[in-house]
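The structure appears below as C-alpha cells.
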Number of protein chains: 2
Amino acid sequence: MIDIHTIQDVAKRAGVSVATVSRVLNKSNNVKKSTFDTVMEAVNELGYTPNLMGRNLRKNETKEILIIVPTIMNTFLSKVVKGIEDTAHENGYSVIIRNTYEDYTIEQNHINMVKNKLSDGIIMVGSTLSKQELDEISAKIPIVQCSEYTIGANVSYVTTDNFKAAYDAVSYLIAGGKRRILHFTVDNGFSSSIARLEGYKAALADNGIEFDKNLIEYGNYGYNNAVSVIKKREKTDFDAVFAVSDRMAAGCIRALEDRQIKVPDDVWVIGFDNIDISYILRPSITSVAQKQYEMGKKAVQILLEKISDNSINRKVMLGYKIVKRQSTAD
Amino acid sequence: MIDIHTIQDVAKRAGVSVATVSRVLNKSNNVKKSTFDTVMEAVNELGYTPNLMGRNLRKNETKEILIIVPTIMNTFLSKVVKGIEDTAHENGYSVIIRNTYEDYTIEQNHINMVKNKLSDGIIMVGSTLSKQELDEISAKIPIVQCSEYTIGANVSYVTTDNFKAAYDAVSYLIAGGKRRILHFTVDNGFSSSIARLEGYKAALADNGIEFDKNLIEYGNYGYNNAVSVIKKREKTDFDAVFAVSDRMAAGCIRALEDRQIKVPDDVWVIGFDNIDISYILRPSITSVAQKQYEMGKKAVQILLEKISDNSINRKVMLGYKIVKRQSTAD
DNA sequence: CGATGTTATGTAATCGTTTACATTATTTTC
DNA sequence: GAAAATAATGTAAACGATTACATAACATCG
C-alpha cells in the first residue's frame, strides 16, 4: 500500500490547495491551463486515484448500479447484463452483480447496499420478497424489476410480453395442425409462468379448442427434472408441447425419444429463451427468443430516471421472436 | 429517501451520544445493558442502517471482495463463484462480480476499485494484463488469480493441475487403443492451454507415440466455431479427440457426424469442464471435471491471507476427475 | 467516608473528498 | 491608472461513521 496517495499529497506536490486539485479532477472550468497541467503532472507522477469512499460520502452518490440475480448460472441473463452494463457505462455508471440463490436473507442484504449508500439503485431479476415488502422498498429506493415482476406491486419493471408470446407460440402449433398441446410449465407463481399460461389458454380458446387441465404438466426449469417428469407421465396423449424453458423442452424431447415418440414427426416441441442448447441439440429446438439486450438497456433507462425522481414508475413490455427449428417441422 | 437516517438521528432519539450508538452497533463491551436496549430500540424504530461510505472511509476497509471475470456467461464459473461467496460470507466479507469482456480498459477500471477503496481485494479469472503489469499491481493490492494464471508472474493463484489432467485424459484414450489423437485446443497462450498441450505431449511420449503437429487443431472455445473447424479440416486421420472445452467437443462430434464418422465407434471424444451439455447431448460427452467450488474457496482463503499480509504469495493446483460417458465407449 | 479502580458515557479529531464562501490576482473599462 | 468586473485560488466546513482521550458515574476497599 506504500504508494497510495491522497489528494493532500497531490496538492503538496503541485504546490496548490486541495480545492484546486479537486477542481482539476472534476474538470471544473475555473482553473488556469498552467495549474491544470501542473496538477495533472503531480497526479500522474504519484499515480494518484481518488478515494471513492471519500468522494461518495461527500457527494452522497456512488454512480453504481446493483444487479441482483438469483444466480449468474443463467444463460438467459448474460445478454441482459450486457445491455445493462453498456447502457450504464454510457451514462457514467458502473455495475456490480450479486447472487441471491433465491435466499430471502441474502436478498435483503443486497438491497441494503443501497440504503447503506454503496449503490444508487437496483435492477432486480426475480425476487423472494412479498408485494408489500417490495412496495415499501420501492418507495424508498430506486428499483426496477427485470424479466420477472411482482404482480400488483407498485414497482417499475421491464419484461417480455409473455402473454402475447405464448399466444403466438401456441397459435403456431395449432396452425401446424396440433390440437392436443401440452403446456409444460413451472408452478412457481412467477409473472412469466402466469402470463404464459394465460396466453396458452387464450390461443386455445380463440381456435375453438377446449382447455384440458390434464394437458398442464409441471416441472422446474431444469433438464433432468424435465426428463423424469415426462418419462413418468402416464399418457402421451398430446401432439405438441409448449415448454416455458429450453431446458425443459430439451428434457421433454429426450424423454419422448426414450418412449419411441419422434420429434417432430409425432410431436412438435417449442421452448422458451432461445439459449445455446436450442441450436446445439438434435433435433434443434424451436424457441421463443426474448430481447434480452434491450431489456437490460431499458431497465437502466428506467432506473436512471428513478434515481433522479423515485416517484416515477414505468411498466414496459418488450417484443419477442419465434425462432423456428427442427423440433417443429414447418 | 425520506427516512434514511444517520447515527446522529439515532443518538438524538435514544438520548445518548453518537459514540455510544457506534459502540452499540459495533458490539463494544463497555455499554450498559439498559442503554444498549434503548439504542437498539431507536435503531429499529428508525429503521437505521449505517452509511457504509462513512464507516469504510473511517475504517479504511470495505469487507468486500471483487471477482473479475471475462464474462458471467460461463457455466464453468458459477460453481467457482458459489465457492467464493460461501467462503467470503463465512469470513464476514461480501462479494461483487464484474465483467471485463476481455477488454483491457474495463479490466483496469475494475482493478482500480481496490485502489479507490471500494473493495479490499480481487479474485481474477483470466486477465488481459501483461506479466509486468500484474506483478506491479499485485505488489500493491491483494490479488489472486483463479483458474487461469499468468505464467512467470509473482502472483498468487489457484488452478487445476491441467498438465496432469490432460496427461490422464490422453492416457485414457491411449488405453482405449487410440494412437492418432487430435488435440483440439485454443491458440491463446492461456496457462491452461499450454499445460494441457504439454500433458498431451507427455502422455504420447510415455506411450511411445510420436508427436505429430498435424494432429493439433485450433478453434476458440465455442460450439459453432468448433463445428466449422472440424468440418473444414482436410483429413480425418485421427481416432480420438482431446478437446479443451465441452463446447468444442460437442461441435466436433456434430461435425464428425456430418462426415459420417461415428462417435464413439470410429472416434472417441473427450472434453473439458463437465458442463451441462456434456450430459444433455447424445452421445453424452466424457469430460474432465474440475473442482470448481473448492477452487473458489481456496482462492478466498489465499486472498484473505493476502489482505492481512500482501507479501505472501501462494500457488495452488487442485485435482480433477474424468467423468466417463458415451463419447468414449469404455 | 475518602481514595481508588472500574465501568459507562461524552467530546472532538479523524478518514479523503467536495464545495460554499472568502480572498487574491488578473483583466476590463472609462 | 484607479475602479469595477472577472478569473483563479485558498480556507474551512461539511458528508457519516469510528475511536482516542477525557470525563462522569458507580463500585470497592481499607
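Here, A, B, ... name the chains of the C-alpha cells in the order displayed, residue numbers run from 1 inside each chain, and ligands are numbered from 1 in the same displayed order.
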Review point. Given identical sequences, what C-alpha RMSD separates chain A from chain B after least-squares superposition over all Cα in order?
Key: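 Here the C-alpha RMSD works out to 0.1 Å.
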Practice item. Return the neighbours of chain A among the residues of chain B, cut-off 7 Å, counting only C-alpha atoms, as number ranges by chain. Key: B: 1, 49-54, 56-57, 72-73, 75, 78, 96-98, 115-118, 140-141, 281
Practice item. Once DSSP has gone over the backbone, tell me which residues of region 67-235 of chain B are in helix (DSSP H, G or I), as a ChimeraX atom specification. Key: /B:75-90,104-115,131-140,162-175,191-206,213-215,223-232
Review point. Got a sec to pull out which chain D residues are within 7 Å of chain B, counting only C-alpha atoms (C1' of nucleotides), and send them as a PyMOL selection string?
Key: chain D and resi 16-18
Check your understanding: For chain C against chain A, which residues fall within 9 Å using only C-alpha atoms (C1' of nucleotides), given as a list in words?
Key ->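 Selected residues: DC15, DG16, DT17, DT18 and DT19 of chain C.
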Exercise for review: Could you find all residues in region 9-238 of chain B that DSSP calls strand (DSSP E or B) from the backbone, and write them as a ChimeraX atom specification?
Suggested key: /B:64-69,94-99,121-124,143-146,156-160,181-186,216-219
Review point. Near region 193-205 of chain B, counting only C-alpha atoms (C1' of nucleotides), which residues have an atom at most 12 Å away, once you skip same-chain residues fewer than 3 positions from it, shown as a PyMOL selection string?
Key: chain B and resi 147-151+159-175+178-190+208-213+215-221+241-245+271-272+288+317
**Study point:** Nearby residues (only C-alpha atoms (C1' of nucleotides)) at most 12 Å from DT23 (chain D), same-chain spacing under 3 positions excluded, as a list in words
**Key:** DA8, DT9, DG10 and DT11 of chain C
For the selection you just gave me, I'd like the residues written to a file as a tab-separated table (two decimals), in the first residue's frame, keeping C-alpha atoms (C1' of nucleotides).
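Final output, saved to selection-v6.tsv:
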chain	number	residue	atom	x	y	z
C	8	DA	C1'	-20.14	3.84	31.07
C	9	DT	C1'	-20.59	7.78	28.53
C	10	DG	C1'	-19.36	12.08	26.05
C	11	DT	C1'	-16.24	15.27	23.21
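In this structure, CA of Asn274 (chain A) sits 17.0 Å away from CA of Gly83 (chain A).
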Exercise for review: Take CA of Asp103 (chain A) and CA of Glu294 (chain B) and report the distance between them in Å, one decimal.
Suggested key: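 Calculated distance between CA of Asp103 (chain A) and CA of Glu294 (chain B) is 21.7 Å.
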Practice item. Report the distance between CA of Ser156 (chain A) and CA of Ile302 (chain A) in Å, rounded to one decimal place. Key: 7.7 Å
